[in-house]
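A.B. asks: My structure is stored as query-v1.cif, with mmCIF, C-alpha atoms and all ligand atoms; chains and numbers go by the auth columns.
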data_target
loop_
_atom_site.group_PDB
_atom_site.id
_atom_site.type_symbol
_atom_site.label_atom_id
_atom_site.label_comp_id
_atom_site.label_asym_id
_atom_site.label_seq_id
_atom_site.Cartn_x
_atom_site.Cartn_y
_atom_site.Cartn_z
_atom_site.B_iso_or_equiv
_atom_site.auth_seq_id
_atom_site.auth_asym_id
ATOM 1 C CA MET A 1 0.000 0.000 0.000 0.00 1 A
ATOM 2 C CA PRO A 2 1.611 3.293 -1.027 0.00 2 A
ATOM 3 C CA THR A 3 1.759 6.054 1.547 0.00 3 A
ATOM 4 C CA PHE A 4 0.674 9.608 0.899 0.00 4 A
ATOM 5 C CA ARG A 5 1.038 12.775 2.871 0.00 5 A
ATOM 6 C CA THR A 6 -2.454 14.203 2.789 0.00 6 A
ATOM 7 C CA SER A 7 -4.254 16.793 4.898 0.00 7 A
ATOM 8 C CA GLN A 8 -6.620 14.194 6.344 0.00 8 A
ATOM 9 C CA PRO A 9 -5.532 10.587 6.745 0.00 9 A
ATOM 10 C CA VAL A 10 -6.026 8.517 3.618 0.00 10 A
ATOM 11 C CA SER A 11 -8.191 6.227 5.723 0.00 11 A
ATOM 12 C CA ALA A 12 -10.721 9.097 5.802 0.00 12 A
ATOM 13 C CA ALA A 13 -11.290 8.519 2.090 0.00 13 A
ATOM 14 C CA ASP A 14 -14.221 6.385 1.103 0.00 14 A
ATOM 15 C CA PRO A 15 -12.995 4.277 -1.816 0.00 15 A
ATOM 16 C CA SER A 16 -16.527 3.828 -3.110 0.00 16 A
ATOM 17 C CA ARG A 17 -16.763 7.546 -3.876 0.00 17 A
ATOM 18 C CA PRO A 18 -15.252 9.156 -6.951 0.00 18 A
ATOM 19 C CA HIS A 19 -12.248 11.410 -6.567 0.00 19 A
ATOM 20 C CA LEU A 20 -12.655 15.076 -7.261 0.00 20 A
ATOM 21 C CA VAL A 21 -9.794 16.287 -9.465 0.00 21 A
ATOM 22 C CA LEU A 22 -8.967 19.971 -9.855 0.00 22 A
ATOM 23 C CA VAL A 23 -7.285 20.928 -13.112 0.00 23 A
ATOM 24 C CA GLY A 24 -6.072 24.204 -14.593 0.00 24 A
ATOM 25 C CA ILE A 25 -2.898 26.178 -15.195 0.00 25 A
ATOM 26 C CA SER A 26 -0.471 27.193 -12.439 0.00 26 A
ATOM 27 C CA GLY A 27 -2.060 29.893 -10.313 0.00 27 A
ATOM 28 C CA ALA A 28 -5.616 28.693 -10.962 0.00 28 A
ATOM 29 C CA GLY A 29 -6.030 27.996 -7.230 0.00 29 A
ATOM 30 C CA LYS A 30 -6.002 24.190 -7.323 0.00 30 A
ATOM 31 C CA SER A 31 -4.074 23.776 -4.074 0.00 31 A
ATOM 32 C CA THR A 32 -5.711 26.580 -2.123 0.00 32 A
ATOM 33 C CA ILE A 33 -9.265 25.702 -3.120 0.00 33 A
ATOM 34 C CA GLY A 34 -8.658 21.943 -2.955 0.00 34 A
ATOM 35 C CA ARG A 35 -7.191 22.039 0.537 0.00 35 A
ATOM 36 C CA ARG A 36 -10.001 24.179 1.932 0.00 36 A
ATOM 37 C CA ALA A 37 -12.707 22.063 0.314 0.00 37 A
ATOM 38 C CA ALA A 38 -11.094 18.852 1.580 0.00 38 A
ATOM 39 C CA ASP A 39 -10.943 20.240 5.119 0.00 39 A
ATOM 40 C CA ARG A 40 -14.640 21.099 4.987 0.00 40 A
ATOM 41 C CA LEU A 41 -15.498 17.663 3.595 0.00 41 A
ATOM 42 C CA GLY A 42 -13.203 15.811 5.982 0.00 42 A
ATOM 43 C CA ARG A 43 -11.571 14.116 3.002 0.00 43 A
ATOM 44 C CA PRO A 44 -7.897 13.781 2.188 0.00 44 A
ATOM 45 C CA PHE A 45 -6.344 16.342 -0.136 0.00 45 A
ATOM 46 C CA LEU A 46 -3.397 15.372 -2.281 0.00 46 A
ATOM 47 C CA ASP A 47 -1.220 17.963 -3.987 0.00 47 A
ATOM 48 C CA PHE A 48 0.666 15.938 -6.604 0.00 48 A
ATOM 49 C CA ASP A 49 3.681 18.256 -6.801 0.00 49 A
ATOM 50 C CA LEU A 50 4.180 18.286 -3.023 0.00 50 A
ATOM 51 C CA GLU A 51 3.807 14.523 -2.876 0.00 51 A
ATOM 52 C CA ILE A 52 6.335 14.016 -5.673 0.00 52 A
ATOM 53 C CA GLU A 53 8.767 16.392 -3.938 0.00 53 A
ATOM 54 C CA ARG A 54 8.349 14.511 -0.680 0.00 54 A
ATOM 55 C CA ARG A 55 8.894 11.120 -2.248 0.00 55 A
ATOM 56 C CA GLU A 56 11.868 12.154 -4.334 0.00 56 A
ATOM 57 C CA SER A 57 13.398 14.482 -1.716 0.00 57 A
ATOM 58 C CA GLN A 58 13.852 16.987 -4.526 0.00 58 A
ATOM 59 C CA THR A 59 12.006 20.122 -5.538 0.00 59 A
ATOM 60 C CA ILE A 60 10.090 20.173 -8.830 0.00 60 A
ATOM 61 C CA ALA A 61 12.749 22.563 -10.168 0.00 61 A
ATOM 62 C CA GLU A 62 15.496 20.073 -9.239 0.00 62 A
ATOM 63 C CA ILE A 63 13.669 17.157 -10.827 0.00 63 A
ATOM 64 C CA PHE A 64 13.254 19.073 -14.097 0.00 64 A
ATOM 65 C CA ALA A 65 16.844 20.349 -14.066 0.00 65 A
ATOM 66 C CA GLU A 66 18.609 17.162 -13.010 0.00 66 A
ATOM 67 C CA ARG A 67 16.369 14.415 -14.380 0.00 67 A
ATOM 68 C CA GLY A 68 14.332 16.154 -17.077 0.00 68 A
ATOM 69 C CA GLU A 69 10.650 16.781 -17.686 0.00 69 A
ATOM 70 C CA PRO A 70 9.930 13.256 -19.022 0.00 70 A
ATOM 71 C CA MET A 71 11.037 11.842 -15.665 0.00 71 A
ATOM 72 C CA PHE A 72 8.730 14.263 -13.849 0.00 72 A
ATOM 73 C CA ARG A 73 5.857 13.177 -16.089 0.00 73 A
ATOM 74 C CA ARG A 74 6.644 9.565 -15.293 0.00 74 A
ATOM 75 C CA LEU A 75 6.454 10.283 -11.565 0.00 75 A
ATOM 76 C CA GLU A 76 3.156 12.100 -12.111 0.00 76 A
ATOM 77 C CA ARG A 77 1.798 9.084 -14.007 0.00 77 A
ATOM 78 C CA GLU A 78 2.925 6.688 -11.263 0.00 78 A
ATOM 79 C CA LEU A 79 1.139 8.732 -8.636 0.00 79 A
ATOM 80 C CA THR A 80 -1.960 8.844 -10.848 0.00 80 A
ATOM 81 C CA ALA A 81 -1.935 5.068 -11.172 0.00 81 A
ATOM 82 C CA GLU A 82 -1.697 4.710 -7.387 0.00 82 A
ATOM 83 C CA VAL A 83 -4.590 7.017 -6.595 0.00 83 A
ATOM 84 C CA ALA A 84 -6.657 5.420 -9.382 0.00 84 A
ATOM 85 C CA GLU A 85 -6.882 2.382 -7.108 0.00 85 A
ATOM 86 C CA MET A 86 -8.434 4.515 -4.389 0.00 86 A
ATOM 87 C CA GLY A 87 -11.343 6.943 -4.162 0.00 87 A
ATOM 88 C CA GLY A 88 -12.929 9.803 -2.283 0.00 88 A
ATOM 89 C CA MET A 89 -9.963 12.154 -2.310 0.00 89 A
ATOM 90 C CA ILE A 90 -9.574 15.724 -3.507 0.00 90 A
ATOM 91 C CA LEU A 91 -6.699 15.717 -5.972 0.00 91 A
ATOM 92 C CA ALA A 92 -4.646 18.597 -7.335 0.00 92 A
ATOM 93 C CA PRO A 93 -2.271 17.428 -10.035 0.00 93 A
ATOM 94 C CA GLY A 94 0.065 19.989 -11.652 0.00 94 A
ATOM 95 C CA GLY A 95 -1.133 22.043 -14.588 0.00 95 A
ATOM 96 C CA GLY A 96 0.464 19.773 -17.187 0.00 96 A
ATOM 97 C CA TRP A 97 -1.156 16.568 -15.945 0.00 97 A
ATOM 98 C CA ILE A 98 -4.059 17.043 -18.377 0.00 98 A
ATOM 99 C CA VAL A 99 -1.709 16.520 -21.336 0.00 99 A
ATOM 100 C CA ASP A 100 -1.061 12.898 -20.347 0.00 100 A
ATOM 101 C CA GLU A 101 -4.217 11.488 -21.833 0.00 101 A
ATOM 102 C CA GLU A 102 -3.437 7.955 -20.688 0.00 102 A
ATOM 103 C CA GLY A 103 -2.930 9.204 -17.140 0.00 103 A
ATOM 104 C CA VAL A 104 -6.188 11.149 -17.280 0.00 104 A
ATOM 105 C CA ALA A 105 -7.933 8.024 -18.572 0.00 105 A
ATOM 106 C CA LEU A 106 -6.772 6.113 -15.488 0.00 106 A
ATOM 107 C CA LEU A 107 -8.778 8.468 -13.273 0.00 107 A
ATOM 108 C CA ARG A 108 -11.539 9.610 -15.580 0.00 108 A
ATOM 109 C CA ALA A 109 -14.077 6.867 -14.962 0.00 109 A
ATOM 110 C CA ARG A 110 -13.798 7.177 -11.197 0.00 110 A
ATOM 111 C CA SER A 111 -13.561 10.940 -10.858 0.00 111 A
ATOM 112 C CA THR A 112 -15.319 14.204 -11.198 0.00 112 A
ATOM 113 C CA ILE A 113 -12.947 16.570 -12.978 0.00 113 A
ATOM 114 C CA VAL A 114 -13.295 20.297 -12.387 0.00 114 A
ATOM 115 C CA TRP A 115 -11.503 22.957 -14.436 0.00 115 A
ATOM 116 C CA LEU A 116 -10.566 26.034 -12.444 0.00 116 A
ATOM 117 C CA LYS A 117 -10.480 28.536 -15.261 0.00 117 A
ATOM 118 C CA VAL A 118 -8.374 31.669 -14.934 0.00 118 A
ATOM 119 C CA ARG A 119 -6.662 34.197 -17.203 0.00 119 A
ATOM 120 C CA PRO A 120 -2.863 33.949 -17.291 0.00 120 A
ATOM 121 C CA GLU A 121 -2.567 37.535 -16.009 0.00 121 A
ATOM 122 C CA THR A 122 -4.649 36.722 -12.922 0.00 122 A
ATOM 123 C CA ALA A 123 -2.844 33.413 -12.412 0.00 123 A
ATOM 124 C CA LEU A 124 0.528 35.118 -12.375 0.00 124 A
ATOM 125 C CA LYS A 125 -0.724 37.694 -9.858 0.00 125 A
ATOM 126 C CA ARG A 126 -1.881 34.859 -7.604 0.00 126 A
ATOM 127 C CA LEU A 127 1.577 33.314 -7.806 0.00 127 A
ATOM 128 C CA ARG A 128 2.902 36.767 -6.898 0.00 128 A
ATOM 129 C CA GLY A 129 5.273 36.372 -9.794 0.00 129 A
ATOM 130 C CA ASP A 130 7.085 33.589 -7.934 0.00 130 A
ATOM 131 C CA VAL A 131 7.887 31.048 -10.601 0.00 131 A
ATOM 132 C CA THR A 132 11.171 29.765 -9.186 0.00 132 A
ATOM 133 C CA ASN A 133 9.751 26.289 -8.524 0.00 133 A
ATOM 134 C CA ARG A 134 7.764 26.241 -11.776 0.00 134 A
ATOM 135 C CA PRO A 135 10.388 25.386 -14.361 0.00 135 A
ATOM 136 C CA LEU A 136 8.142 25.846 -17.397 0.00 136 A
ATOM 137 C CA LEU A 137 7.405 29.412 -16.300 0.00 137 A
ATOM 138 C CA ASN A 138 10.817 30.326 -14.925 0.00 138 A
ATOM 139 C CA ARG A 139 11.861 32.106 -18.113 0.00 139 A
ATOM 140 C CA PRO A 140 12.246 35.756 -19.113 0.00 140 A
ATOM 141 C CA ASP A 141 8.538 36.225 -19.868 0.00 141 A
ATOM 142 C CA PRO A 142 6.446 34.017 -17.533 0.00 142 A
ATOM 143 C CA LEU A 143 3.194 35.569 -18.759 0.00 143 A
ATOM 144 C CA ALA A 144 3.954 34.570 -22.343 0.00 144 A
ATOM 145 C CA GLU A 145 4.826 31.032 -21.179 0.00 145 A
ATOM 146 C CA LEU A 146 1.626 30.698 -19.178 0.00 146 A
ATOM 147 C CA SER A 147 -0.433 32.030 -22.096 0.00 147 A
ATOM 148 C CA LYS A 148 1.219 29.547 -24.444 0.00 148 A
ATOM 149 C CA LEU A 149 0.577 26.624 -22.080 0.00 149 A
ATOM 150 C CA LEU A 150 -3.070 27.633 -21.687 0.00 150 A
ATOM 151 C CA ALA A 151 -3.516 27.874 -25.460 0.00 151 A
ATOM 152 C CA GLN A 152 -1.995 24.395 -25.879 0.00 152 A
ATOM 153 C CA ARG A 153 -4.087 22.834 -23.130 0.00 153 A
ATOM 154 C CA GLU A 154 -7.366 24.700 -23.147 0.00 154 A
ATOM 155 C CA ALA A 155 -9.216 22.092 -25.244 0.00 155 A
ATOM 156 C CA LEU A 156 -8.088 19.369 -22.822 0.00 156 A
ATOM 157 C CA TYR A 157 -9.127 21.316 -19.708 0.00 157 A
ATOM 158 C CA ALA A 158 -12.473 21.958 -21.401 0.00 158 A
ATOM 159 C CA ARG A 159 -13.195 18.216 -21.312 0.00 159 A
ATOM 160 C CA ALA A 160 -13.628 18.491 -17.539 0.00 160 A
ATOM 161 C CA ASP A 161 -17.032 17.624 -16.119 0.00 161 A
ATOM 162 C CA HIS A 162 -17.443 21.077 -14.580 0.00 162 A
ATOM 163 C CA LEU A 163 -15.944 24.507 -14.945 0.00 163 A
ATOM 164 C CA ILE A 164 -15.507 27.144 -12.271 0.00 164 A
ATOM 165 C CA ASN A 165 -14.502 30.535 -13.608 0.00 165 A
ATOM 166 C CA THR A 166 -12.327 31.793 -10.782 0.00 166 A
ATOM 167 C CA GLU A 167 -12.275 35.275 -12.339 0.00 167 A
ATOM 168 C CA ILE A 168 -15.873 35.838 -11.307 0.00 168 A
ATOM 169 C CA VAL A 169 -16.328 33.839 -8.108 0.00 169 A
ATOM 170 C CA THR A 170 -14.682 34.467 -4.751 0.00 170 A
ATOM 171 C CA LEU A 171 -12.410 31.911 -3.135 0.00 171 A
ATOM 172 C CA ASP A 172 -15.200 31.000 -0.688 0.00 172 A
ATOM 173 C CA GLN A 173 -17.692 30.539 -3.520 0.00 173 A
ATOM 174 C CA ALA A 174 -15.280 28.298 -5.402 0.00 174 A
ATOM 175 C CA VAL A 175 -14.776 26.194 -2.264 0.00 175 A
ATOM 176 C CA ASP A 176 -18.574 25.992 -1.741 0.00 176 A
ATOM 177 C CA ARG A 177 -19.016 24.785 -5.310 0.00 177 A
ATOM 178 C CA ILE A 178 -16.334 22.089 -4.930 0.00 178 A
ATOM 179 C CA VAL A 179 -17.883 20.929 -1.659 0.00 179 A
ATOM 180 C CA ALA A 180 -21.288 20.720 -3.382 0.00 180 A
ATOM 181 C CA LEU A 181 -19.904 18.854 -6.394 0.00 181 A
ATOM 182 C CA ALA A 182 -17.979 16.407 -4.234 0.00 182 A
ATOM 183 C CA THR A 183 -21.060 15.746 -2.148 0.00 183 A
ATOM 184 C CA GLU A 184 -23.286 15.212 -5.206 0.00 184 A
ATOM 185 C CA ALA A 185 -20.710 13.033 -6.922 0.00 185 A
ATOM 186 C CA GLY A 186 -20.246 11.002 -3.805 0.00 186 A
ATOM 187 C CA GLY A 187 -23.911 10.277 -3.457 0.00 187 A
ATOM 188 C CA ALA A 188 -23.690 11.784 0.075 0.00 188 A
HETATM 189 C C1 LIG B . 3.412 22.326 -14.542 0.00 201 A
HETATM 190 C C2 LIG B . 2.727 22.867 -13.469 0.00 201 A
HETATM 191 C C3 LIG B . 3.222 22.762 -12.096 0.00 201 A
HETATM 192 C C4 LIG B . 4.195 21.586 -11.933 0.00 201 A
HETATM 193 C C5 LIG B . 5.263 21.628 -12.979 0.00 201 A
HETATM 194 C C6 LIG B . 4.688 21.580 -14.402 0.00 201 A
HETATM 195 C C7 LIG B . 2.844 22.461 -15.902 0.00 201 A
HETATM 196 O O1 LIG B . 2.141 22.590 -11.196 0.00 201 A
HETATM 197 O O2 LIG B . 3.523 20.359 -11.978 0.00 201 A
HETATM 198 O O3 LIG B . 6.001 22.799 -12.793 0.00 201 A
HETATM 199 O O4 LIG B . 3.223 21.684 -16.797 0.00 201 A
HETATM 200 O O5 LIG B . 1.958 23.352 -16.088 0.00 201 A
HETATM 201 P P1 LIG B . 1.133 23.771 -10.752 0.00 201 A
HETATM 202 O O6 LIG B . 0.006 23.772 -11.743 0.00 201 A
HETATM 203 O O7 LIG B . 0.686 23.384 -9.402 0.00 201 A
HETATM 204 O O8 LIG B . 1.911 25.039 -10.769 0.00 201 A
#
Give the structure from the file, written as structure tokens.

C.D. replies:
Amino acid sequence: MPTFRTSQPVSAADPSRPHLVLVGISGAGKSTIGRRAADRLGRPFLDFDLEIERRESQTIAEIFAERGEPMFRRLERELTAEVAEMGGMILAPGGGWIVDEEGVALLRARSTIVWLKVRPETALKRLRGDVTNRPLLNRPDPLAELSKLLAQREALYARADHLINTEIVTLDQAVDRIVALATEAGGA
């Protein structure tokens, strides 16, 4: 049985319920919203990047620099395969997870996927311009990089089951919506 460092113990997850997966570009609010919703629901929250860093004892920036992006994607896929055996968690994979269609397929049937939509300008403000541990953005023009990634991925994010436009809802409203979706999807 793999171990995870989650906000609530993994044993709090009911495997018969679907996972709720938050997707969207960096700065969309996946971790902030996911953690708060999970606390309200009493379900475990798993931030994929933090979990990968913990397991590898390396930061995301180090993994990309020393082992390359394909290795990071492999670690992401491995984690996906592990959680696909479980259920009832709130999951926040990194922004590029959606590109791995086989990885997404592992979770799809047993998950509710929610796209946290945001404009790149707003996303970068939320990150307070701190892109040091986001290797794909840590370049001379992070806004251009984020815009490019969104353009490449938008059609994939749009396949999510639900969309929350975080430009027009408050943080609390977004959390309320996730709590409601997770409760509906779980058959309360
Ligand atoms: C990535 C997003 C990051 C992290 C890695 C790659 C991406 O996660 O997984 O830097 O490809 O967009 P966040 O979305 O949490 O920033």

A.B. asks: What do you get as a VMD selection string if you pick all residues at most 6 Å from ligand LIG 201 (chain A), counting all atoms listed in the file?

C.D. replies: chain A and resid 25 to 26 49 94 to 96 134 to 136

A.B. asks: Give me the residues near Arg110 in chain A as a list in words, where near means some atom within 9 Å (using all atoms listed in the file) and where sequence neighbours in that chain fewer than 2 positions away do not count.

C.D. replies: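 The filter keeps Arg17, Pro18, His19, Leu20, Ala84, Gly87, Leu106, Leu107, Arg108 and Thr112 of chain A.
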
A.B. asks: Quick one: of A:Leu143, A:Glu69, A:Thr59, A:Gly24, who's nearest to Val114 in chain A, counting only C-alpha atoms?

C.D. replies: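 When distances to Val114 in chain A are compared using only C-alpha atoms, the smallest one comes from A:Gly24.
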
A.B. asks: Using all atoms listed in the file, which protein or nucleic acid residues come within 12 Å of Leu137 in chain A? Drop anything in the same chain fewer than 6 positions from it, and give the result as a count of residues only.

C.D. replies: 21

A.B. asks: Using only C-alpha atoms, which residues of range 26-52 of chain A come within 8 Å of range 175-182 of chain A, and what is the closest atom pair for each, with the distance in Å to one decimal? Give it as a tab-separated table, sorted by chain and residue number.

C.D. replies:
residue	atom	partner	partner_atom	distance
A:Ile33	CA	A:Val175	CA	5.6
A:Gly34	CA	A:Val175	CA	7.5
A:Arg36	CA	A:Val175	CA	6.7
A:Ala37	CA	A:Val175	CA	5.3
A:Ala38	CA	A:Val179	CA	7.8
A:Arg40	CA	A:Val179	CA	7.4
A:Leu41	CA	A:Val179	CA	6.6

A.B. asks: At what distance in Å, to one decimal, does CA of Ile52 in chain A lie from CA of Leu22 in chain A?

C.D. replies: 16.9 Å

A.B. asks: Using all atoms listed in the file, which of the listed residues (A:Ile63, A:Asp172, A:Ala81, A:Thr183) sits closest to Arg43 in chain A?

C.D. replies: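 Checking each of A:Ile63, A:Asp172, A:Ala81, A:Thr183 against Arg43 in chain A, counting all atoms listed in the file, the winner is A:Thr183.
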
A.B. asks: Taking (-8.1, 25.3, -11.9) in the file's coordinates as the center, which residues reach within 7 Å of it, counting all atoms listed in the file, put as a PyMOL selection string?

C.D. replies: chain A and resi 22-25+28-30+115-117

A.B. asks: One number please: CA of Pro15 in chain A to CA of Glu82 in chain A, in Å, one decimal.

C.D. replies: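 Computed distance, CA of Pro15 in chain A to CA of Glu82 in chain A, equals 12.6 Å.
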
A.B. asks: Given only C-alpha atoms as the basis, pick out the residue of A:Gln152, A:Asp47, A:Ala185, A:Val118 nearest to Thr166 in chain A.

C.D. replies: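 The answer is A:Val118, which sits nearest to Thr166 in chain A.
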
A.B. asks: Measure the distance from CA of Arg5 in chain A to CA of Leu46 in chain A in Å and round it to one decimal.

C.D. replies: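 Computing the Euclidean distance for CA of Arg5 in chain A and CA of Leu46 in chain A yields 7.3 Å.
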
A.B. asks: Can you work out which one of A:Arg54, A:Arg35, A:Ile113, A:Val83 has the shortest atom-to-atom distance to Asp161 in chain A, counting only C-alpha atoms?

C.D. replies: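 With only C-alpha atoms as the atom set, the closest residue is A:Ile113.
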
A.B. asks: Give me, as a VMD selection string, all polymer residues having an atom no more than 12 Å from Arg73 in chain A, counting all atoms listed in the file and skipping those fewer than 4 positions away in the same chain.

C.D. replies: chain A and resid 48 to 49 52 60 63 to 64 67 to 69 77 to 80 93 to 103
